Amino acid sequence: MIAVDSNVLVYSSRADSPWYQQADQVVTQLAESRSPWAIPWPCLYEFLSVVTNPRIYSPPTAMGHALLQLAGWLESPSLVLLAETAGFSRTLEEILKSSEVIGARVHDARIAALCHYHGVERLLTVDRDFSRFGHYMRTENPLLNRTA
């Protein structure tokens, strides 16, 4: 299964992004495919916080529009939402200890742990920091079409 990180979701929803067309194409193909694809719940929250933030975008995406975008993704019948369930804490602890991350990178470890816990084989992301979790899953920058 392929999962999508928040940065790809952000770029796919902002027409003013230089990566809009590529990111939108990637997300649209996944959403229209019959093959399962995934979004970790924390990535959906991060998407909302980034696109509606006036410190990041001027003008920011209106919350109503951002929620409509989110609803569109949620309508994909092949989408799997990745969430913490019983037993997840052991996976998170293993990844935190083995990667030795601290501070803000704990968020990335949480995403990596969710992906690993749910059997994600590949995370589509622009964030190279995820390479530190390479022994748990592969990462790929879909905007460059190369594997990290």
# chains A, B, ... in the order shown; residues from 1 in each chain; ligands from 1

$ select_by_dssp --residues "chain A" --states "alpha helix (DSSP H)" --output "PyMOL selection string"
chain A and resi 6-13+20-32+41-51+63-74+88-99+105-117

$ residues_around --residues "Lys97 (chain A)" --least-positions-apart "6" --cutoff "12 Å" --atoms "only C-alpha atoms" --output "list in words"
Arg90, Thr91, Val106, Ala109, Ala113 and Phe133 of chain A

$ write_last_selection --atoms "C-alpha atoms" --output "tab-separated table (two decimals), in the first residue's frame"
chain	number	residue	atom	x	y	z
A	90	ARG	CA	4.91	-0.55	20.79
A	91	THR	CA	5.60	0.28	17.15
A	106	VAL	CA	8.68	12.95	16.81
A	109	ALA	CA	8.31	9.24	13.66
A	113	ALA	CA	5.12	4.32	12.84
A	133	PHE	CA	13.00	5.55	8.84

$ closest_residue --among "A:Gly134, A:Gly64, A:Pro59, A:Gly119" --to "Ser98 (chain A)" --atoms "only C-alpha atoms"
A:Gly134

$ atom_distance --atom1 "CA of Ile111 (chain A)" --atom2 "CA of Pro36 (chain A)"
17.7 Å

$ atom_distance --atom1 "CA of Pro60 (chain A)" --atom2 "CA of Trp41 (chain A)"
21.4 Å

$ residues_around --residues "Arg128 (chain A)" --least-positions-apart "2" --cutoff "9 Å" --atoms "only C-alpha atoms" --output "ChimeraX atom specification"
/A:125-126,130-132,139,141,148

$ atom_distance --atom1 "CA of Gln25 (chain A)" --atom2 "CA of Ser13 (chain A)"
10.7 Å

$ residues_around --residues "Leu114 (chain A)" --least-positions-apart "2" --cutoff "9 Å" --atoms "only C-alpha atoms" --output "PyMOL selection string"
chain A and resi 40+82-84+88+91-92+109-112+116-120

$ write_last_selection --atoms "C-alpha atoms" --output "PDB file, in the first residue's frame"
ATOM      1  CA  PRO A  40      -2.290   8.963   8.073  1.00  0.00           C
ATOM      2  CA  LEU A  82      -4.242   5.273   9.213  1.00  0.00           C
ATOM      3  CA  ALA A  83      -4.932   5.759  12.904  1.00  0.00           C
ATOM      4  CA  GLU A  84      -3.499   4.635  16.210  1.00  0.00           C
ATOM      5  CA  PHE A  88       0.432   0.971  18.099  1.00  0.00           C
ATOM      6  CA  THR A  91       5.597   0.280  17.149  1.00  0.00           C
ATOM      7  CA  LEU A  92       5.989   3.969  17.940  1.00  0.00           C
ATOM      8  CA  ALA A 109       8.307   9.239  13.662  1.00  0.00           C
ATOM      9  CA  ARG A 110       4.582   9.050  14.408  1.00  0.00           C
ATOM     10  CA  ILE A 111       3.790   9.115  10.681  1.00  0.00           C
ATOM     11  CA  ALA A 112       6.449   6.471  10.005  1.00  0.00           C
ATOM     12  CA  HIS A 116       4.783   0.655   9.365  1.00  0.00           C
ATOM     13  CA  TYR A 117       2.062  -0.505  11.759  1.00  0.00           C
ATOM     14  CA  HIS A 118      -0.506  -0.603   8.942  1.00  0.00           C
ATOM     15  CA  GLY A 119       1.772  -2.294   6.414  1.00  0.00           C
ATOM     16  CA  VAL A 120       2.482   0.662   4.153  1.00  0.00           C
TER      17      VAL A 120
END

$ residues_around --residues "Ala3 (chain A)" --least-positions-apart "5" --cutoff "8 Å" --atoms "only C-alpha atoms" --output "list in words"
Trp37, Ala38, Ile39, Pro40, Cys115, Val120, Arg122, Leu123 and Leu124 of chain A

$ write_last_selection --atoms "C-alpha atoms" --output "PDB file, in the first residue's frame"
ATOM      1  CA  TRP A  37      -3.902   3.892  -0.744  1.00  0.00           C
ATOM      2  CA  ALA A  38      -3.558   5.583   2.619  1.00  0.00           C
ATOM      3  CA  ILE A  39      -3.376   8.875   4.427  1.00  0.00           C
ATOM      4  CA  PRO A  40      -2.290   8.963   8.073  1.00  0.00           C
ATOM      5  CA  CYS A 115       2.700   3.569   8.092  1.00  0.00           C
ATOM      6  CA  VAL A 120       2.482   0.662   4.153  1.00  0.00           C
ATOM      7  CA  ARG A 122       5.946   3.302   0.421  1.00  0.00           C
ATOM      8  CA  LEU A 123       5.335   6.841   1.674  1.00  0.00           C
ATOM      9  CA  LEU A 124       5.029   9.567  -0.945  1.00  0.00           C
TER      10      LEU A 124
END

$ closest_residue --among "A:Leu96, A:Leu48, A:Ile56, A:Ala31" --to "Pro77 (chain A)" --atoms "only C-alpha atoms"
A:Ala31

$ closest_residue --among "A:Thr28, A:Ser99, A:Thr85, A:Ser12" --to "Phe47 (chain A)" --atoms "only C-alpha atoms"
A:Ser12

$ closest_residue --among "A:Ser35, A:Pro142, A:Glu121, A:His135" --to "Ser78 (chain A)" --atoms "only C-alpha atoms"
A:Ser35

$ residues_around --residues "Thr61 (chain A)" --least-positions-apart "3" --cutoff "12 Å" --atoms "only C-alpha atoms" --output "NGL selection string"
:A and (10 or 13-16 or 47-58 or 64-69)

$ write_last_selection --atoms "C-alpha atoms" --output "PDB file, in the first residue's frame"
ATOM      1  CA  VAL A  10      -0.802  20.545   0.378  1.00  0.00           C
ATOM      2  CA  SER A  13      -4.543  21.526  -3.346  1.00  0.00           C
ATOM      3  CA  ARG A  14      -2.719  24.823  -3.922  1.00  0.00           C
ATOM      4  CA  ALA A  15      -2.822  25.927  -7.561  1.00  0.00           C
ATOM      5  CA  ASP A  16      -0.175  28.546  -6.693  1.00  0.00           C
ATOM      6  CA  PHE A  47      -2.814  19.653   5.755  1.00  0.00           C
ATOM      7  CA  LEU A  48      -5.599  21.736   7.325  1.00  0.00           C
ATOM      8  CA  SER A  49      -3.201  23.668   9.537  1.00  0.00           C
ATOM      9  CA  VAL A  50      -0.780  24.466   6.702  1.00  0.00           C
ATOM     10  CA  VAL A  51      -3.141  25.504   3.908  1.00  0.00           C
ATOM     11  CA  THR A  52      -5.232  27.726   6.177  1.00  0.00           C
ATOM     12  CA  ASN A  53      -2.226  29.414   7.804  1.00  0.00           C
ATOM     13  CA  PRO A  54      -1.817  33.064   6.709  1.00  0.00           C
ATOM     14  CA  ARG A  55       1.859  32.946   7.740  1.00  0.00           C
ATOM     15  CA  ILE A  56       2.451  30.301   5.073  1.00  0.00           C
ATOM     16  CA  TYR A  57       0.036  31.277   2.289  1.00  0.00           C
ATOM     17  CA  SER A  58      -1.232  34.674   1.245  1.00  0.00           C
ATOM     18  CA  GLY A  64     -14.489  25.713   4.198  1.00  0.00           C
ATOM     19  CA  HIS A  65     -12.600  25.080   0.970  1.00  0.00           C
ATOM     20  CA  ALA A  66      -9.920  23.050   2.770  1.00  0.00           C
ATOM     21  CA  LEU A  67     -12.621  20.912   4.375  1.00  0.00           C
ATOM     22  CA  LEU A  68     -14.227  20.339   0.968  1.00  0.00           C
ATOM     23  CA  GLN A  69     -10.864  19.160  -0.359  1.00  0.00           C
TER      24      GLN A  69
END

$ closest_residue --among "A:Asp5, A:Glu94, A:Asp24, A:Asp129" --to "Pro42 (chain A)" --atoms "only C-alpha atoms"
A:Asp5

$ closest_residue --among "A:Gly72, A:Val26, A:Gly103, A:Tyr20" --to "Val4 (chain A)" --atoms "only C-alpha atoms"
A:Val26

$ select_by_dssp --residues "chain A" --states "strand (DSSP E or B)" --output "PyMOL selection string"
chain A and resi 2-4+37-40+79-82+122-124+138-141+146-147
